[in-house]
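What follows is a single structure, written as C-alpha cells, with notes after it.
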Amino acid sequence: MESDSTSQHNTEEKDAAVSSAGAGLLFGLSGLILGGPVLGTIAGVGAAVVASNDQGPAGDNARAAGTFAITTGSKVGDVARDVNEKHGILDWIQNVLSSGWGKVRQFDDEHHTSETVKETMSTVSDKVVGFEREHHLFENMLEGIQSGVQFLLEKVKGANKN
C-alpha cells in the first residue's frame, strides 16, 4: 500500500517536472522568436519557475501550457518520423544538399568566388576600421548613450526626492 502511494507521488513529481520543462520550452521559444535570446531566456525561465512554484491560476495555466507543449511536440515528432519512414524525406534532403554543395564547390573552383569574397571582406574591414579611427563613430555613440543614461538617472533621482 505504501509502495503505491510512493509510486503515485513519484509519478506526480515527474509529471510536474515535465509540465514545468514544457512551459519553459514553449514560452522560451515563443520569446526567442518574438524578441530574441534575452526575451526568450526570461520568458522560458519565468514560465518554468511559475509552473514549478505557483499553486494558483498562473501556475495551473503554465503547467497546462507545458503539458500541451510536450504532448503536441511528441505527436509532431511521431508523425514526422512516420512520414520520413514512408517517403524517405531525410535521405532526399541529404542527397539534394550533397549535390548542391558539390555544385557550389565546382562553381567556386571555376570562378574563385571564395577568394574574391575574402579579399572584399578584408577591404571592407580595413575601410570600416579606418572610418572609425577617423570619425570615432562608436566612441561618440557610447558617449551619447552614457549622457542619456546619466540624464535619466538624474531625472529619476529628482522624482524620488519629491
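Ordering of the C-alpha cells sets the chain letters (A, B, ...), residue numbers begin anew at 1 in every chain, and ligands are numbered from 1 in the order given.
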Distance table requested - segment 48-161 of chain A against segment 12-31 of chain A, cut-off 6 Å, only C-alpha atoms: one row per qualifying residue with the closest atom pair and its distance in Å to one decimal, ordered by chain and rising residue number, as a tab-separated table.
```
residue	atom	partner	partner_atom	distance
A:Ala48	CA	A:Gly24	CA	4.5
A:Ala51	CA	A:Ser20	CA	5.0
A:Ser52	CA	A:Ser20	CA	5.7
A:Ala62	CA	A:Ala23	CA	5.8
A:Arg63	CA	A:Ser19	CA	5.0
A:Ala65	CA	A:Ala23	CA	5.8
A:Gly66	CA	A:Ala23	CA	3.6
A:Thr67	CA	A:Ser19	CA	4.7
A:Ala69	CA	A:Gly22	CA	5.6
A:Ile70	CA	A:Gly22	CA	5.5
```
